[in-house]
>>> print(open('start_12.txt').read())   # compact mmCIF, C-alpha atoms and all ligand atoms
# COMPACT_ATOMS: atom_id res chain seq x y z
CA MET A 407 48.83 70.12 125.93
CA THR A 408 48.49 66.41 125.07
CA LEU A 409 49.71 63.84 127.55
CA LYS A 410 50.75 60.36 126.51
CA PRO A 411 48.27 57.62 127.42
CA SER A 412 49.97 55.16 129.77
CA THR A 413 48.43 52.14 128.05
CA SER A 414 46.56 51.36 124.86
CA ASP A 415 43.47 50.41 126.90
CA THR A 416 40.42 51.36 124.84
CA ARG A 417 37.78 50.87 127.55
CA PRO A 418 35.98 54.27 127.83
CA VAL A 419 37.08 54.88 131.44
CA PHE A 420 40.74 54.36 130.53
CA ALA A 421 40.81 55.81 127.01
CA PRO A 422 42.11 59.36 126.36
CA PHE A 423 39.57 62.10 126.79
CA ALA A 424 39.53 65.70 125.50
CA LEU A 425 38.60 68.57 127.79
CA ALA A 426 38.78 71.84 125.85
CA GLY A 427 42.39 72.11 124.65
CA LEU A 428 43.59 69.36 126.98
CA THR A 429 43.73 65.62 126.36
CA LEU A 430 43.67 63.54 129.53
CA ARG A 431 45.05 60.00 129.40
CA ASN A 432 41.82 58.69 130.97
CA ARG A 433 38.59 59.88 132.55
CA VAL A 434 39.51 59.59 136.22
CA VAL A 435 40.44 62.78 138.08
CA ARG A 436 41.60 62.99 141.67
CA SER A 437 39.24 65.46 143.33
CA GLY A 438 40.46 68.33 145.47
CA CYS A 439 41.19 66.82 148.90
CA PHE A 440 42.86 69.31 151.20
CA GLU A 441 46.25 67.79 151.92
CA GLY A 442 47.36 69.80 154.97
CA LEU A 443 50.85 69.70 153.48
CA SER A 444 51.51 73.37 152.78
CA GLN A 445 53.14 74.27 156.08
CA GLY A 446 54.06 77.96 156.08
CA GLY A 447 51.68 78.50 153.15
CA VAL A 448 54.19 77.15 150.61
CA VAL A 449 54.55 74.07 148.40
CA THR A 450 56.41 71.37 150.37
CA ASP A 451 58.21 68.26 149.13
CA ARG A 452 55.59 66.14 150.92
CA LEU A 453 52.81 67.90 149.02
CA ILE A 454 54.52 67.18 145.70
CA GLU A 455 55.24 63.58 146.66
CA HIS A 456 51.64 62.99 147.72
CA HIS A 457 50.37 63.98 144.27
CA ARG A 458 53.25 62.39 142.39
CA ARG A 459 52.19 59.05 143.93
CA VAL A 460 48.60 59.56 142.80
CA ALA A 461 49.86 60.46 139.31
CA ALA A 462 52.14 57.43 139.24
CA GLY A 463 49.10 55.34 140.18
CA GLY A 464 47.47 56.05 136.82
CA ILE A 465 45.10 58.96 137.42
CA GLY A 466 44.24 61.10 134.36
CA MET A 467 44.54 64.39 136.26
CA THR A 468 45.22 65.23 139.89
CA THR A 469 43.89 68.32 141.65
CA LEU A 470 45.99 70.37 144.03
CA SER A 471 43.28 71.13 146.52
CA TYR A 472 42.06 74.34 147.98
CA CYS A 473 44.44 77.26 147.26
CA SER A 474 43.23 80.63 148.37
CA VAL A 475 43.20 83.42 145.82
CA SER A 476 44.28 85.86 148.53
CA GLN A 477 45.73 85.88 152.05
CA ASP A 478 42.36 86.70 153.62
CA GLY A 479 40.72 83.54 152.26
CA ARG A 480 42.62 81.00 154.36
CA ALA A 481 41.23 78.64 156.98
CA PHE A 482 44.58 77.19 158.11
CA GLY A 483 48.15 78.42 158.44
CA HIS A 484 49.26 75.40 156.41
CA GLU A 485 47.19 76.41 153.38
CA LEU A 486 48.54 77.83 150.12
CA TRP A 487 47.59 81.22 148.82
CA MET A 488 48.54 82.41 145.36
CA ARG A 489 51.44 84.84 145.30
CA PRO A 490 54.72 85.18 143.40
CA GLU A 491 56.74 83.36 146.14
CA VAL A 492 54.92 80.06 145.52
CA MET A 493 55.52 80.01 141.76
CA PRO A 494 58.79 77.99 141.83
CA GLY A 495 57.15 75.40 144.14
CA LEU A 496 54.08 75.17 141.92
CA ARG A 497 56.32 74.67 138.88
CA ARG A 498 58.10 71.80 140.67
CA PHE A 499 54.64 70.38 141.43
CA THR A 500 53.41 70.44 137.83
CA ASP A 501 56.73 69.09 136.50
CA ALA A 502 56.51 66.13 138.89
CA ILE A 503 52.94 65.33 137.82
CA HIS A 504 53.73 65.67 134.11
CA ASP A 505 56.78 63.39 134.50
CA GLU A 506 54.34 60.68 135.63
CA GLY A 507 52.15 61.21 132.53
CA ALA A 508 49.21 62.85 134.31
CA ALA A 509 47.74 66.34 134.05
CA ALA A 510 47.57 68.81 136.94
CA SER A 511 44.66 70.97 138.04
CA ILE A 512 44.51 73.44 140.93
CA GLN A 513 41.47 74.33 143.00
CA LEU A 514 41.13 78.09 143.55
CA GLY A 515 38.83 79.53 146.14
CA HIS A 516 38.28 81.76 149.15
CA CYS A 517 36.86 80.69 152.53
CA GLY A 518 34.89 83.89 153.09
CA PHE A 519 33.20 83.94 156.51
CA PHE A 520 34.85 80.76 157.77
CA ALA A 521 38.42 81.92 157.10
CA SER A 522 40.43 81.95 160.31
CA PRO A 523 40.73 85.47 161.81
CA ARG A 524 43.87 84.25 163.63
CA VAL A 525 45.50 83.08 160.38
CA ILE A 526 44.52 86.06 158.22
CA GLY A 527 45.10 88.62 160.97
CA ARG A 528 41.97 90.62 160.31
CA ARG A 529 38.18 90.44 160.21
CA THR A 530 36.78 87.87 157.78
CA LEU A 531 34.78 88.75 154.65
CA GLY A 532 31.41 87.37 153.63
CA ALA A 533 28.37 87.99 151.46
CA SER A 534 26.57 89.41 154.51
CA SER A 535 27.61 89.94 158.10
CA LYS A 536 27.25 86.51 159.72
CA PHE A 537 28.29 84.64 162.86
CA CYS A 538 30.47 81.58 162.20
CA LEU A 539 30.12 78.94 164.93
CA PHE A 540 33.35 77.15 163.94
CA ARG A 541 35.38 80.35 164.35
CA THR A 542 33.15 82.13 166.86
CA SER A 543 33.67 85.18 164.64
CA VAL A 544 31.43 87.58 162.75
CA CYS A 545 32.41 88.51 159.21
CA ARG A 546 32.12 91.87 157.51
CA GLU A 547 29.73 92.23 154.56
CA MET A 548 31.78 92.69 151.39
CA SER A 549 31.60 96.10 149.77
CA LEU A 550 31.38 96.52 146.00
CA ALA A 551 35.10 97.33 146.06
CA ASP A 552 35.77 94.01 147.91
CA ILE A 553 33.74 92.14 145.27
CA ALA A 554 35.74 93.75 142.46
CA GLU A 555 39.02 93.01 144.28
CA LYS A 556 38.19 89.30 144.86
CA THR A 557 37.09 88.95 141.23
CA THR A 558 40.49 90.25 140.16
CA ASP A 559 42.18 87.94 142.69
CA PHE A 560 40.51 84.89 141.09
CA ALA A 561 41.57 85.97 137.58
CA ARG A 562 45.13 86.81 138.67
CA SER A 563 45.47 83.47 140.52
CA ALA A 564 44.21 81.53 137.50
CA VAL A 565 46.82 83.17 135.27
CA MET A 566 49.53 82.36 137.84
CA ALA A 567 48.35 78.74 137.87
CA ARG A 568 48.56 78.51 134.09
CA ASP A 569 52.00 80.13 134.15
CA ALA A 570 53.14 77.58 136.74
CA GLY A 571 52.28 74.76 134.31
CA PHE A 572 48.81 73.70 135.48
CA ASP A 573 46.69 72.20 132.71
CA ALA A 574 43.37 73.25 134.25
CA VAL A 575 41.94 75.31 137.08
CA GLU A 576 38.98 74.39 139.25
CA ILE A 577 37.01 77.29 140.71
CA HIS A 578 35.53 76.36 144.07
CA ALA A 579 31.95 77.60 144.00
CA GLY A 580 30.59 74.90 146.31
CA HIS A 581 30.93 73.54 149.87
CA GLY A 582 30.01 76.87 151.47
CA TYR A 583 33.17 78.67 150.30
CA LEU A 584 32.89 82.37 149.43
CA LEU A 585 31.23 81.97 146.00
CA SER A 586 28.84 79.43 147.48
CA GLN A 587 28.12 81.85 150.37
CA PHE A 588 26.85 84.32 147.78
CA LEU A 589 24.65 81.63 146.19
CA SER A 590 23.15 80.43 149.46
CA PRO A 591 20.16 82.28 150.91
CA TRP A 592 21.49 81.31 154.38
CA THR A 593 24.64 83.42 154.06
CA ASN A 594 23.49 86.00 151.53
CA GLN A 595 20.99 88.54 152.85
CA ARG A 596 22.25 91.44 150.79
CA ILE A 597 19.76 93.96 149.50
CA ASP A 598 21.88 95.21 146.58
CA ARG A 599 22.34 93.68 143.10
CA TYR A 600 24.39 90.81 144.63
CA GLY A 601 21.62 89.53 146.92
CA GLY A 602 17.93 88.61 147.01
CA SER A 603 16.81 86.92 143.78
CA LEU A 604 18.75 83.93 142.46
CA GLU A 605 19.85 86.08 139.53
CA ASN A 606 21.43 88.52 141.98
CA ARG A 607 22.96 85.79 144.21
CA MET A 608 24.58 84.25 141.11
CA ARG A 609 26.05 87.55 139.97
CA PHE A 610 29.38 87.47 141.83
CA PRO A 611 30.20 83.78 141.11
CA THR A 612 29.35 84.18 137.42
CA GLU A 613 31.38 87.41 137.23
CA VAL A 614 34.32 85.49 138.69
CA ILE A 615 33.98 82.69 136.11
CA ALA A 616 33.70 85.24 133.29
CA ALA A 617 36.77 87.12 134.57
CA VAL A 618 38.80 83.90 134.80
CA ARG A 619 37.67 82.94 131.29
CA ALA A 620 38.63 86.37 129.94
CA ALA A 621 42.04 86.12 131.62
CA LEU A 622 42.80 82.58 130.40
CA GLY A 623 41.41 82.82 126.87
CA PRO A 624 38.81 80.63 125.17
CA ARG A 625 40.53 77.21 125.24
CA PHE A 626 41.97 76.78 128.74
CA PRO A 627 40.00 74.24 130.83
CA ILE A 628 38.06 75.82 133.69
CA LEU A 629 36.26 73.35 135.95
CA VAL A 630 33.72 74.69 138.42
CA LYS A 631 32.80 72.75 141.55
CA MET A 632 29.33 73.72 142.72
CA ASN A 633 26.60 72.64 145.11
CA VAL A 634 23.49 70.74 144.11
CA ARG A 635 22.24 71.50 147.61
CA ASP A 636 23.70 72.97 150.78
CA GLY A 637 22.25 70.29 153.06
CA TRP A 638 19.36 71.78 155.06
CA HIS A 639 15.98 73.27 154.42
CA GLY A 640 16.57 76.95 153.56
CA GLY A 641 19.92 76.47 151.84
CA LEU A 642 20.50 76.24 148.09
CA GLU A 643 18.35 73.47 146.61
CA ILE A 644 18.55 71.45 143.41
CA ASP A 645 16.03 73.48 141.38
CA GLU A 646 18.09 76.63 141.90
CA ALA A 647 21.33 74.67 141.35
CA VAL A 648 20.11 73.71 137.87
CA GLN A 649 19.82 77.41 137.01
CA VAL A 650 23.21 78.10 138.58
CA ALA A 651 24.73 75.37 136.39
CA ARG A 652 23.29 76.98 133.26
CA ALA A 653 24.62 80.41 134.29
CA PHE A 654 28.09 78.96 135.01
CA ALA A 655 28.16 77.29 131.60
CA ALA A 656 27.14 80.55 129.92
CA ALA A 657 29.83 82.46 131.86
CA GLY A 658 32.58 80.28 130.42
CA ALA A 659 32.98 77.11 132.52
CA THR A 660 34.45 74.21 130.54
CA ALA A 661 33.03 71.54 132.85
CA LEU A 662 30.99 71.30 136.04
CA VAL A 663 31.60 69.18 139.13
CA PRO A 664 28.32 68.95 141.07
CA SER A 665 28.88 68.37 144.78
CA CYS A 666 27.09 69.45 147.98
CA GLY A 667 27.45 70.62 151.58
CA PHE A 668 28.55 73.63 153.55
CA THR A 669 31.84 73.38 155.42
CA ALA A 670 30.76 75.67 158.27
CA ARG A 671 27.38 74.00 158.80
CA THR A 672 27.14 70.54 157.21
CA PRO A 673 30.82 69.58 156.89
CA LEU A 674 30.31 65.87 156.31
CA TYR A 675 27.32 66.16 153.98
CA MET A 676 29.67 66.20 150.96
CA LEU A 677 31.31 62.99 152.19
CA ARG A 678 28.68 60.96 154.07
CA GLY A 679 29.80 58.16 156.39
CA GLY A 680 31.73 58.15 159.67
CA VAL A 681 32.08 61.09 162.08
CA PRO A 682 35.67 60.83 163.36
CA VAL A 683 35.24 62.87 166.57
CA ARG A 684 38.14 61.16 168.42
CA GLU A 685 40.61 61.89 165.60
CA MET A 686 39.32 65.47 165.24
CA VAL A 687 39.90 66.05 168.98
CA GLN A 688 43.45 64.65 168.69
CA GLN A 689 44.21 67.01 165.81
CA GLN A 690 43.23 70.20 167.65
CA ASP A 691 46.04 72.46 168.88
CA GLY A 692 44.66 74.29 171.89
CA LEU A 693 43.29 72.63 175.04
CA LEU A 694 40.13 74.73 174.82
CA THR A 695 39.39 73.67 171.27
CA LYS A 696 40.14 70.05 172.19
CA VAL A 697 37.62 70.19 175.04
CA GLY A 698 35.08 72.05 172.87
CA MET A 699 35.41 69.50 170.09
CA ALA A 700 35.15 66.58 172.57
CA LEU A 701 32.00 68.03 174.13
CA PHE A 702 30.24 69.41 171.06
CA GLY A 703 31.82 67.53 168.16
CA ARG A 704 28.78 65.28 167.72
CA ILE A 705 26.46 68.28 167.65
CA MET A 706 28.64 70.45 165.41
CA VAL A 707 29.40 67.66 162.95
CA GLN A 708 26.23 65.78 162.04
CA HIS A 709 26.17 62.24 160.67
CA TYR A 710 24.91 61.58 157.14
CA GLY A 711 24.50 57.98 156.06
CA TYR A 712 26.79 56.84 153.24
CA GLU A 713 25.55 55.22 150.05
CA PRO A 714 27.52 54.45 146.91
CA GLN A 715 27.12 57.26 144.34
CA PHE A 716 25.16 59.32 146.84
CA LEU A 717 24.79 62.33 144.51
CA LEU A 718 23.60 60.52 141.41
CA ALA A 719 20.03 61.81 141.20
CA GLU A 720 21.08 65.47 141.60
CA ALA A 721 24.14 65.15 139.34
CA ARG A 722 21.86 63.79 136.58
CA ARG A 723 19.69 66.90 136.87
CA ILE A 724 22.76 69.12 136.37
CA ARG A 725 24.13 67.00 133.51
CA ASP A 726 20.82 67.08 131.66
CA ALA A 727 20.49 70.87 132.05
CA VAL A 728 23.73 71.95 130.36
CA ARG A 729 25.61 71.26 127.14
CA ILE A 730 29.10 71.28 128.67
CA PRO A 731 30.79 68.20 130.19
CA VAL A 732 29.67 67.28 133.71
CA ALA A 733 31.76 65.12 136.03
CA TYR A 734 30.32 62.70 138.55
CA ILE A 735 31.68 62.93 142.12
CA GLY A 736 30.55 61.35 145.38
CA GLY A 737 30.92 57.73 146.42
CA VAL A 738 32.49 56.28 143.26
CA GLU A 739 33.82 52.91 144.38
CA SER A 740 34.25 50.47 141.50
CA LEU A 741 35.11 50.05 137.84
CA GLU A 742 31.62 48.76 137.18
CA GLN A 743 30.13 52.00 138.56
CA MET A 744 32.59 54.11 136.57
CA GLU A 745 31.71 52.33 133.34
CA ALA A 746 27.99 52.81 133.97
CA LEU A 747 28.46 56.51 134.80
CA ILE A 748 30.39 57.17 131.59
CA ASP A 749 27.91 55.08 129.66
CA GLU A 750 24.96 57.19 130.85
CA GLY A 751 26.65 60.47 129.86
CA PHE A 752 28.92 61.77 132.61
CA ALA A 753 32.05 63.07 130.86
CA PHE A 754 34.52 62.03 133.54
CA LEU A 755 34.77 61.00 137.18
CA GLN A 756 36.22 62.72 140.18
CA VAL A 757 37.39 60.43 142.97
CA GLY A 758 38.54 61.48 146.43
CA ARG A 759 38.78 58.97 149.26
CA ALA A 760 39.44 55.90 147.11
CA THR A 761 42.70 57.55 145.97
CA VAL A 762 43.61 58.62 149.51
CA ARG A 763 43.16 55.00 150.55
CA ASP A 764 45.15 53.70 147.55
CA PRO A 765 47.14 56.02 145.28
CA ASP A 766 47.32 53.16 142.74
CA PHE A 767 43.51 52.89 142.64
CA VAL A 768 43.25 53.57 138.88
CA ASP A 769 46.05 51.19 137.92
CA HIS A 770 44.61 48.52 140.21
CA LEU A 771 41.22 48.82 138.50
CA ARG A 772 42.82 48.80 135.07
CA SER A 773 44.95 45.73 135.72
CA GLY A 774 42.15 43.87 137.46
CA ALA A 775 44.14 43.71 140.73
CA ALA A 776 41.08 45.35 142.35
CA ALA A 777 37.47 45.69 141.23
CA ALA A 778 36.59 48.30 143.84
CA THR A 779 38.02 50.41 146.64
CA ASP A 780 38.19 49.04 150.17
CA CYS A 781 37.81 52.54 151.68
CA ASP A 782 35.20 52.20 154.43
CA HIS A 783 34.40 55.98 154.45
CA CYS A 784 35.36 56.29 158.12
CA ASN A 785 36.46 59.86 157.22
CA LYS A 786 39.41 59.78 159.59
CA CYS A 787 41.46 61.16 156.67
CA VAL A 788 39.49 64.38 157.06
CA ALA A 789 40.79 64.80 160.60
CA SER A 790 44.37 64.12 159.48
CA MET A 791 44.43 66.99 157.00
CA SER A 792 43.95 69.65 159.67
CA ARG A 793 47.46 69.36 161.12
CA ASP A 794 50.10 66.92 159.96
CA GLY A 795 48.99 65.95 156.48
CA ILE A 796 46.44 63.78 154.72
CA ARG A 797 46.67 60.04 155.21
CA CYS A 798 44.48 56.97 155.34
CA TYR A 799 44.21 55.79 158.94
CA CYS A 800 42.81 52.45 157.82
CA VAL A 801 45.98 51.66 155.87
CA GLU A 802 47.99 52.37 159.04
CA GLU A 803 45.63 50.39 161.29
CA THR A 804 45.78 47.42 158.91
CA ALA A 805 49.59 47.62 158.90
CA LEU A 806 49.66 47.74 162.71
CA GLU A 807 47.38 44.69 162.93
CA GLY A 808 49.88 42.91 160.70
CA VAL A 809 52.70 43.80 163.11
CA ALA A 810 50.67 42.59 166.11
CA LEU A 811 50.14 39.23 164.47
C1 LIG A 901 40.50 64.49 153.35
C2 LIG A 901 39.55 65.20 152.43
C3 LIG A 901 39.76 66.54 152.14
C4 LIG A 901 38.89 67.21 151.25
N1 LIG A 901 39.17 68.51 150.91
C5 LIG A 901 38.45 69.09 149.92
C6 LIG A 901 38.84 70.33 149.37
O1 LIG A 901 39.84 70.94 149.78
N2 LIG A 901 38.08 70.84 148.37
C7 LIG A 901 36.98 70.19 147.87
O2 LIG A 901 36.33 70.68 146.95
N3 LIG A 901 36.60 69.01 148.37
C8 LIG A 901 37.31 68.43 149.35
N4 LIG A 901 36.97 67.18 149.78
C9 LIG A 901 35.78 66.53 149.20
C10 LIG A 901 36.15 65.65 148.01
O3 LIG A 901 36.77 66.34 146.96
C11 LIG A 901 34.91 64.93 147.46
O4 LIG A 901 33.97 65.92 147.06
C12 LIG A 901 34.28 63.99 148.49
O5 LIG A 901 35.29 63.31 149.21
C13 LIG A 901 33.35 62.96 147.83
O6 LIG A 901 34.08 62.16 146.93
P1 LIG A 901 34.55 60.64 147.30
O7 LIG A 901 33.31 59.90 147.72
O8 LIG A 901 35.15 60.12 146.03
O9 LIG A 901 35.52 60.75 148.42
C14 LIG A 901 37.80 66.51 150.68
C15 LIG A 901 37.60 65.16 151.00
C16 LIG A 901 38.46 64.51 151.85
C17 LIG A 901 38.22 63.05 152.14
>>> encode(input="start_12.txt", output="structure tokens")
Amino acid sequence: MTLKPSTSDTRPVFAPFALAGLTLRNRVVRSGCFEGLSQGGVVTDRLIEHHRRVAAGGIGMTTLSYCSVSQDGRAFGHELWMRPEVMPGLRRFTDAIHDEGAAASIQLGHCGFFASPRVIGRRTLGASSKFCLFRTSVCREMSLADIAEKTTDFARSAVMARDAGFDAVEIHAGHGYLLSQFLSPWTNQRIDRYGGSLENRMRFPTEVIAAVRAALGPRFPILVKMNVRDGWHGGLEIDEAVQVARAFAAAGATALVPSCGFTARTPLYMLRGGVPVREMVQQQDGLLTKVGMALFGRIMVQHYGYEPQFLLAEARRIRDAVRIPVAYIGGVESLEQMEALIDEGFAFLQVGRATVRDPDFVDHLRSGAAAATDCDHCNKCVASMSRDGIRCYCVEETALEGVAL
């Protein structure tokens, strides 16, 4: 599918860009940012409107964030999972994005050991049996039959996504989700052909990518988000990540999105910046969880200092190791940075918080109305997604200050 460019701007960031069979109107992609807007596990009007605004703001492609490939991969009740009932909603989603001239991608994954036992109604699955502090639950080690079933779930979900009008899929193999749990020595202690050596730990994720590729055919864009490191000594590190990147490319990935962190252990490592404990406490449902979060939030959620383009050194290692396009993600703030990143060989950019802060971020950069984002990486938006929907608290606080004056 070829989408019309919204302007005749020939600057590399804003010029059309080909990704397998897809031409994007520019090189800026909204990264998967869990919206918390799928109440009841379905596509809501608010979810569509959130992305329609980002599309209207000039983005090349927007990503519908984390959708589970099966019911047992969910962390929240207000999280999508791929099934026939959501197809009409997904079609409305892609139509709305296409009407604004942007492309639509969908992030497919499975939470593995940090899925919510309450939400999925059964014991969680993981690479190996493991205690999850966030859930206070212990998962069951996946059998070979489970591995085969989840592989099929990924392929089936990808086909459903394509049939619903998505222009690309993004397989979530990072951030400590199920595929990343197989890659990480911390969560994978298996002694069969899916554990131990890196070659064995990569087996399930690469089988999933190959199965999705086989299901979608040779031209459909498959992005894979992966970790350059998990975030502590003993997790996946960059040298292994370079080999993972090569294996993912060989298995059929169209493009890689190198990120970092482990949701159940280093949740803010992938973001860096503020630790919004107060907002996270407010967002909890039960009194017990509120108290637990208030008491232990600072211990459970460590602080990692923010720097612009905080993943640049590791992302360069991945980019230089493979022949497929590699995106840059992590602390992209300004047009000047974007231009330099494209200039040095990143194929495109993924941007999260700057587009949560301002859905018109791309158009504002293009027109010169802004040179950079004014997101202060307070990360309060992360707390907002866990109950009533993603939003930028700073925008609201600024508006309230205006009223007070
Ligand atoms: C509110 C919020 C929700 C996020 N949810 C997801 C998610 O569902 N999947 C994912 O891969 N990354 C998620 N992320 C991480 C972003 O995609 C991105 O990797 C990170 O924010 C760094 O990019 P940035 O500096 O441009 O924000 C989320 C980030 C934010 C702020």
>>> closest_residue(input="start_12.txt", among="A:Ser590, A:Ser444, A:Ser740, A:Ser437", to="ligand LIG 901 (chain A)", atoms="only C-alpha atoms and all ligand atoms")
A:Ser437
>>> closest_residue(input="start_12.txt", among="A:Glu441, A:Asp726, A:Glu576, A:Asp598", to="Lys631 in chain A", atoms="all atoms listed in the file")
A:Glu576
>>> residues_around(input="start_12.txt", residues="Ala659 in chain A", least_positions_apart="5", cutoff="9 Å", atoms="all atoms listed in the file", output="list in words")
Ile615, Ala616, Arg619, Pro627, Ile628, Leu629, Val630, Phe654 and Ile730 of chain A
>>> closest_residue(input="start_12.txt", among="A:Leu718, A:Ala508, A:Met791, A:Val634", to="ligand LIG 901 (chain A)", atoms="only C-alpha atoms and all ligand atoms")
A:Met791
>>> atom_distance(input="start_12.txt", atom1="CA of Thr660 in chain A", atom2="CA of Leu755 in chain A")
14.8 Å
>>> residues_around(input="start_12.txt", residues="Arg562 in chain A", least_positions_apart="2", cutoff="10 Å", atoms="all atoms listed in the file", output="JSON, numbers by chain")
{"A": [475, 476, 488, 489, 556, 557, 558, 559, 560, 564, 565, 566, 567, 617, 618, 621, 622]}
>>> axis_aligned_box(input="start_12.txt", around="ligand LIG 901 (chain A)", padding_each_side="5 Å", output="AutoDock Vina command-line options")
--center_x 36.9 --center_y 65.4 --center_z 149.7 --size_x 17.2 --size_y 21.0 --size_z 17.3
>>> closest_atom_pairs(input="start_12.txt", of="chain A", to="ligand LIG 901 (chain A)", cutoff="7 Å", atoms="all atoms listed in the file", output="tab-separated table")
residue	atom	partner	partner_atom	distance
A:Ser437	CA	A:LIG901	O3	4.5
A:Gly438	CA	A:LIG901	O3	4.4
A:Cys439	CA	A:LIG901	C4	3.3
A:Phe440	CA	A:LIG901	O1	3.7
A:Glu441	CA	A:LIG901	C3	6.6
A:Ser471	CA	A:LIG901	O1	4.7
A:Tyr472	CA	A:LIG901	O1	4.4
A:His578	CA	A:LIG901	O2	6.4
A:His581	CA	A:LIG901	O2	6.8
A:Lys631	CA	A:LIG901	O2	6.8
A:Ser665	CA	A:LIG901	O4	6.1
A:Met676	CA	A:LIG901	C12	5.7
A:Leu677	CA	A:LIG901	C13	4.8
A:Ile735	CA	A:LIG901	O6	5.4
A:Gly736	CA	A:LIG901	O7	3.9
A:Gly737	CA	A:LIG901	O7	3.5
A:Val738	CA	A:LIG901	O8	5.4
A:Gln756	CA	A:LIG901	O8	6.5
A:Val757	CA	A:LIG901	O8	3.8
A:Gly758	CA	A:LIG901	O8	3.7
A:Arg759	CA	A:LIG901	O9	3.8
A:Ala760	CA	A:LIG901	O8	6.1
A:Asn785	CA	A:LIG901	C17	6.3
A:Cys787	CA	A:LIG901	C1	4.8
A:Val788	CA	A:LIG901	C1	3.8
A:Met791	CA	A:LIG901	C1	5.9
A:Ile796	CA	A:LIG901	C1	6.1
>>> closest_residue(input="start_12.txt", among="A:Val683, A:Ala655, A:Val435, A:Cys784", to="Gly711 in chain A", atoms="all atoms listed in the file")
A:Cys784
>>> closest_residue(input="start_12.txt", among="A:Gly602, A:Asp505, A:Ala733, A:Ala521", to="Leu425 in chain A", atoms="only C-alpha atoms")
A:Ala733
>>> closest_residue(input="start_12.txt", among="A:Ala533, A:Cys781, A:Val614, A:Met686", to="Val762 in chain A", atoms="all atoms listed in the file")
A:Cys781
